[in-house]
Structures are given as structure tokens and as C-alpha cells.
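K.L.:
This is the structure, below, for whatever I ask next.
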Amino acid sequence: ALRSSGATARDRLPARRARASPRAAVVVVMSASSDERLSRTIEGAFRLTLTESAGSDECVFLADLATELRSEGVSPPFAITADNLERVLFARLSTPQNAFPEGAWRRDPEAAPFAWLVRSYLRCFHASRKSASSKDLQEKQAALLAAANELCVSYCGLLLNPAMDGMFPQPEAAAARGPSQLFDELTGADGLPPGFLDAFARRFESEGLPEMLDPSLTQLPSLINGVSPLGEVHKPLTLLCQLAACKPVAARLAAHPKWKPPTTTTTNAFPGMAGMAASSSSSSSSS
């Protein structure tokens with residue numbers, strides 16, 4: 001019968017189940033591990049989590065967003081990823097200070113959203129300088145952190161622009177400072193993160209930069225007024241150099257009334273010098 005049908009004994013054996021490739025299994029495991037590492041990196045940079053058990057004084061649990069995700073049919077555990085990062089940031093920015101957990105977070109300087117975004121930018125910067133376990137993970141991490149910093153800059157503009165006042169809740173003290181929060185970060189102990197000012201100025205050069213920047217420029221003289229030539233001038237001069245090194249900021253700085261006197265003539269700009277010049281001229285004539 002086998003001969004007549006052209007079949008062989010091997011043809012009549014049950015088909016073997018295809019064996020999974022060990023290499024494929026490793027790739028799947030590595031991919032999952034890679035996603036988890038990226039999620040942990042971004043959660044640490046922004047001090048946020050979508051897992052209730054991970055909430056702490058160092059990491060805010062976004063309970064409302066986690067509830068939304070459940071209602072949408074998403075199964076926990078929830079992770080912060082490139083796909084939902086902006087939604088996560090928006091949820092954090094929409095959370096008023098009194099909705100934070102009792103304890104340290106309500107007193108944390110980063111309860112103020114602008115300060116939180118600036119320092120998150122710095123943490124992203126530091127994370128981007130750390131090497132990853134593979135080239136693929138390194139590239140994914142770099143892309144995610146770059147996108148995260150772009151979001152930080154964009155939302156900082158929404159917080160500082162007077163035209164957007166009230167878009168997100170802010171602590172009373174931060175809201176009162178308004179655009180001057182930029183000056184507070186500029187002159188703080190750590191200053192602005194590397195690259196932040198340049199990215200911010202270029203992003204908003206044609207979208208309200210003067211309104212957001214001028215209050216800080218107006219306060220610059222307060223850093224040097226009353227300081228003697230032998231006093232501490234290094235920090236204010238360093239800050240001035242930092243501002244002047246950024247082209248959009250330098251252009252705004254040079255056009256500011258406190259930088260450029262109403263007239264360029266020595267006599268009008270420095271009235272005291274006019275009297276000295278007149279006295280000198282009179283003495284020369286009499287002699």
C-alpha cells in the first residue's frame with residue numbers, strides 16, 4: 001500500500017512540533033528587559049510611577065492616570081514608556097500640590113512644576129551620559145531621553161508664558177513669581193542644566209521669548225548692585241557670559257532698556273563725567 005501511494009514510512013509518522021529557537025527566546029527576553037530598563041530610567045528621571053506600591057517620597061504615584069488606564073482596558077502593571085510619556089507628564093502637571101501624598105512631596109521644591117521640569121531635564125541629562133548594556137539599548141535610551149527633554153522645554157514654556165497663566169496648577173509662591181521662576185533657577189545653587197537655556201531660547205524665539213525672559217533680565221543688576229570690586233563677582237559674571245553665549249538671549253539682552261542706555265553719548269549717559277569734563281576745559285582755558 002505504501003508503494004502504490006508513493007508514500008514512505010517516514011511520511012506516515014506524526015509531524016514533530018517545531019522547536020523554538022533558543023536565539024529567538026533570548027531576543028524576546030532581552031527585549032522585555034530592555035523595555036523595563038528604559039521604563040525605570042524615565043521613572044527615575046521624572047520621579048513618577050504608575051505602580052501604587054512604588055509610590056514614595058521620591059516617586060509620585062499618579063493614581064488618577066492609573067485609574068484611567070484600567071478603565072481603558074489596559075492591564076497592569078503599568079509602565080511609563082515613549083508612547084505614553086507626554087500623557088504622563090500632562091497628568092503630573094495637572095495635579096495640584098494638595099493632591100500629592102501627605103508627607104515630603106507636599107514640601108518638596110519639585111512640587112512646583114517648573115522646578116520639577118528643570119530638574120527632571122537635569123536628571124535626563126545625567127542619565128543620557130550613562131552607558132547601557134548594549135548598543136541597541138543605548139540608542140533607544142538616547143532617543144527616549146532626548147524626547148523627554150524636548151517635552152520638558154515645551155512645558156516649561158507653557159508654565160512661564162503669561163499668556164498661558166493658569167493652564168496648570170502651581171503652588172502659590174511659584175505662581176506669584178511667574179516668569180521670574182526662570183531667574184530663580186538661573187541663580188540657584190546648581191543653575192540651569194547644561195543645554196537647557198539654549199534649547200529653551202531656540203524653542204520659543206518666535207513664540208513669546210521676550211515675555212518669558214525679560215523679567216529675569218530685569219533682575220540681573222540686583223546680583224551686582226552693592227558688590228565692591230573686591231567682592232564676589234565671579235558668579236554674576238559667569239551667569240552673564242552664559243546668557244550672552246546663547247544667541248537669542250544675547251539679542252534680547254542687548255535690546256533690554258537696562259542694558260542699553262537711552263543715548264550713547266558719554267555726557268548724557270554719565271552726567272557726572274560732564275561736570276568733570278567742563279571743569280577740566282575751564283582750567284585749561286585759564287592757563
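Each chain in the C-alpha cells gets a letter, A, B, ..., in the order shown, and its residues are numbered from 1; ligands are numbered from 1 in order too.
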Going by DSSP on the backbone, which residues of segment 221-254 of chain A come out as alpha helix (DSSP H)? List them as an mmCIF file with N, CA and C atoms, in the first residue's frame.
P.N.:
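Output below, filename out-v6.cif:
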```cif
data_model
loop_
_atom_site.group_PDB
_atom_site.id
_atom_site.type_symbol
_atom_site.label_atom_id
_atom_site.label_comp_id
_atom_site.auth_asym_id
_atom_site.auth_seq_id
_atom_site.Cartn_x
_atom_site.Cartn_y
_atom_site.Cartn_z
ATOM 1 N N HIS A 234 32.405 86.694 40.580
ATOM 2 C CA HIS A 234 32.579 85.591 39.635
ATOM 3 C C HIS A 234 31.244 84.996 39.203
ATOM 4 N N LYS A 235 30.355 84.758 40.158
ATOM 5 C CA LYS A 235 29.089 84.103 39.814
ATOM 6 C C LYS A 235 28.224 84.959 38.897
ATOM 7 N N PRO A 236 28.013 86.276 39.215
ATOM 8 C CA PRO A 236 27.206 87.080 38.290
ATOM 9 C C PRO A 236 27.835 87.232 36.913
ATOM 10 N N LEU A 237 29.156 87.334 36.855
ATOM 11 C CA LEU A 237 29.811 87.457 35.550
ATOM 12 C C LEU A 237 29.710 86.151 34.760
ATOM 13 N N THR A 238 29.799 85.031 35.458
ATOM 14 C CA THR A 238 29.642 83.735 34.798
ATOM 15 C C THR A 238 28.238 83.596 34.226
ATOM 16 N N LEU A 239 27.251 84.041 34.998
ATOM 17 C CA LEU A 239 25.869 83.989 34.526
ATOM 18 C C LEU A 239 25.684 84.885 33.308
ATOM 19 N N LEU A 240 26.277 86.067 33.345
ATOM 20 C CA LEU A 240 26.173 86.980 32.204
ATOM 21 C C LEU A 240 26.801 86.359 30.954
ATOM 22 N N CYS A 241 27.928 85.707 31.125
ATOM 23 C CA CYS A 241 28.574 85.036 29.990
ATOM 24 C C CYS A 241 27.700 83.903 29.458
ATOM 25 N N GLN A 242 27.050 83.195 30.364
ATOM 26 C CA GLN A 242 26.158 82.108 29.956
ATOM 27 C C GLN A 242 24.997 82.647 29.126
ATOM 28 N N LEU A 243 24.440 83.764 29.546
ATOM 29 C CA LEU A 243 23.328 84.369 28.811
ATOM 30 C C LEU A 243 23.793 84.887 27.451
ATOM 31 N N ALA A 244 24.950 85.535 27.440
ATOM 32 C CA ALA A 244 25.452 86.122 26.197
ATOM 33 C C ALA A 244 25.888 85.062 25.192
ATOM 34 N N LYS A 247 22.594 82.885 21.464
ATOM 35 C CA LYS A 247 22.308 83.961 20.513
ATOM 36 C C LYS A 247 20.941 84.621 20.719
ATOM 37 N N PRO A 248 19.834 83.876 20.828
ATOM 38 C CA PRO A 248 18.534 84.542 21.025
ATOM 39 C C PRO A 248 18.481 85.338 22.328
ATOM 40 N N VAL A 249 19.137 84.822 23.373
ATOM 41 C CA VAL A 249 19.152 85.530 24.655
ATOM 42 C C VAL A 249 20.034 86.768 24.562
ATOM 43 N N ALA A 250 21.183 86.636 23.901
ATOM 44 C CA ALA A 250 22.093 87.775 23.749
ATOM 45 C C ALA A 250 21.415 88.915 22.998
ATOM 46 N N ALA A 251 20.648 88.577 21.970
ATOM 47 C CA ALA A 251 19.946 89.608 21.203
ATOM 48 C C ALA A 251 18.925 90.325 22.078
ATOM 49 N N ARG A 252 18.240 89.557 22.907
ATOM 50 C CA ARG A 252 17.242 90.163 23.794
ATOM 51 C C ARG A 252 17.923 90.981 24.887
ATOM 52 N N LEU A 253 19.045 90.498 25.359
ATOM 53 C CA LEU A 253 19.799 91.190 26.402
ATOM 54 C C LEU A 253 20.287 92.546 25.910
ATOM 55 N N ALA A 254 20.814 92.581 24.691
ATOM 56 C CA ALA A 254 21.341 93.829 24.136
ATOM 57 C C ALA A 254 20.246 94.850 23.872
#
```
K.L.:
Show me, as a Markdown table, the residues of segment 162-212 of chain A having an atom within 8 Å of segment 121-134 of chain A, each with the closest atom pair and its distance in Å, using only C-alpha atoms.
P.N.:
```
| residue | atom | partner | partner_atom | distance |
| --- | --- | --- | --- | --- |
| A:Pro193 | CA | A:Leu122 | CA | 5.2 |
| A:Pro194 | CA | A:Leu122 | CA | 7.5 |
| A:Phe196 | CA | A:Tyr121 | CA | 7.7 |
```
K.L.:
Using only C-alpha atoms, which of A:Leu145, A:Ser154, A:Ala112, A:Glu207 sits nearest Ala173 of chain A?
P.N.:
A:Ala112
K.L.:
Please indicate the distance in Å from atom CA of Glu102 of chain A to atom CA of Trp116 of chain A, rounded to one decimal place.
P.N.:
18.0 Å
K.L.:
Would you please work out which residue, of A:Glu43, A:Asp198, A:Glu211, A:Asp190, is nearest to Asn161 of chain A when using only C-alpha atoms?
P.N.:
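Of A:Glu43, A:Asp198, A:Glu211, A:Asp190, the one nearest Asn161 of chain A is A:Glu211, counting only C-alpha atoms.
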K.L.:
Between segment 41-126 of chain A and segment 179-186 of chain A, at 10 Å or less, what are the per-residue closest atom pairs and their distances in Å? Count only C-alpha atoms, order by chain and rising residue number, and return it as CSV.
P.N.:
```
residue,atom,partner,partner_atom,distance
A:Ala112,CA,A:Gln181,CA,9.9
A:Phe114,CA,A:Gln181,CA,7.4
A:Ala115,CA,A:Glu185,CA,7.4
A:Val118,CA,A:Glu185,CA,8.1
A:Arg119,CA,A:Glu185,CA,9.5
```
K.L.:
Output N, CA and C atoms for every residue in that selection, as a compact mmCIF listing (two decimals), in the first residue's frame.
P.N.:
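The result, stored in result.txt:
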```txt
# COMPACT_ATOMS: atom_id res chain seq x y z
N ALA A 112 6.59 72.40 42.86
CA ALA A 112 6.39 73.46 41.86
C ALA A 112 6.74 72.88 40.49
N PHE A 114 7.49 74.00 37.48
CA PHE A 114 8.62 74.48 36.69
C PHE A 114 9.94 73.94 37.25
N ALA A 115 10.09 74.02 38.56
CA ALA A 115 11.30 73.49 39.19
C ALA A 115 11.43 71.99 38.92
N VAL A 118 12.63 71.45 35.26
CA VAL A 118 14.04 71.81 35.08
C VAL A 118 14.94 70.73 35.67
N ARG A 119 14.59 70.25 36.84
CA ARG A 119 15.45 69.24 37.48
C ARG A 119 15.27 67.87 36.84
```
K.L.:
Which residues are close to Tyr155 of chain A, i.e. within 9 Å by only C-alpha atoms, leaving aside same-chain residues fewer than 4 positions away? Reply as an mmCIF file with N, CA, C and O atoms, in the first residue's frame.
P.N.:
```cif
data_model
loop_
_atom_site.group_PDB
_atom_site.id
_atom_site.type_symbol
_atom_site.label_atom_id
_atom_site.label_comp_id
_atom_site.auth_asym_id
_atom_site.auth_seq_id
_atom_site.Cartn_x
_atom_site.Cartn_y
_atom_site.Cartn_z
ATOM 1 N N LEU A 89 3.328 63.115 31.728
ATOM 2 C CA LEU A 89 3.760 64.448 32.150
ATOM 3 C C LEU A 89 2.566 65.386 32.301
ATOM 4 O O LEU A 89 2.503 66.188 33.241
ATOM 5 N N PHE A 90 1.628 65.281 31.384
ATOM 6 C CA PHE A 90 0.440 66.135 31.459
ATOM 7 C C PHE A 90 -0.348 65.822 32.731
ATOM 8 O O PHE A 90 -0.863 66.732 33.399
ATOM 9 N N LEU A 93 1.502 67.405 35.643
ATOM 10 C CA LEU A 93 1.352 68.857 35.649
ATOM 11 C C LEU A 93 -0.062 69.280 36.042
ATOM 12 O O LEU A 93 -0.262 70.380 36.564
ATOM 13 N N PHE A 114 7.491 74.004 37.479
ATOM 14 C CA PHE A 114 8.623 74.481 36.687
ATOM 15 C C PHE A 114 9.936 73.943 37.252
ATOM 16 O O PHE A 114 10.791 73.453 36.506
ATOM 17 N N LEU A 117 10.277 70.299 36.298
ATOM 18 C CA LEU A 117 10.663 70.061 34.907
ATOM 19 C C LEU A 117 12.143 70.358 34.673
ATOM 20 O O LEU A 117 12.836 69.613 33.976
ATOM 21 N N GLU A 150 12.872 67.404 25.301
ATOM 22 C CA GLU A 150 12.085 68.299 24.448
ATOM 23 C C GLU A 150 10.742 68.617 25.097
ATOM 24 O O GLU A 150 10.270 69.761 25.055
ATOM 25 N N LEU A 151 10.137 67.614 25.701
ATOM 26 C CA LEU A 151 8.863 67.832 26.390
ATOM 27 C C LEU A 151 9.057 68.740 27.604
ATOM 28 O O LEU A 151 8.218 69.605 27.881
ATOM 29 N N LEU A 159 4.395 77.002 31.195
ATOM 30 C CA LEU A 159 4.308 77.450 32.585
ATOM 31 C C LEU A 159 4.761 78.898 32.757
ATOM 32 O O LEU A 159 4.236 79.620 33.609
ATOM 33 N N LEU A 160 5.734 79.330 31.960
ATOM 34 C CA LEU A 160 6.291 80.676 32.130
ATOM 35 C C LEU A 160 5.579 81.742 31.310
ATOM 36 O O LEU A 160 5.611 82.920 31.668
#
```
K.L.:
Any idea what the distance is between atom CA of Ser53 of chain A and atom CA of Ser71 of chain A?
P.N.:
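Result for atom CA of Ser53 of chain A versus atom CA of Ser71 of chain A: 19.4 Å, one decimal.
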K.L.:
Need to verify the contact set: Thr67 of chain A, 12 Å, only C-alpha atoms, exclusion of same-chain residues closer than 5 positions in sequence. Can you return it as a ChimeraX atom specification?
P.N.:
/A:50-52,61-62,72-78,91
K.L.:
Using Å and a single decimal, report how far atom CA of Asp83 of chain A sits from atom CA of Asp35 of chain A.
P.N.:
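Straight-line distance from atom CA of Asp35 of chain A to atom CA of Asp83 of chain A works out to 11.8 Å.
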K.L.:
A:His256, A:Arg37, A:Arg47, A:Arg177: which is nearest Leu137 of chain A, counting only C-alpha atoms?
P.N.:
A:Arg37
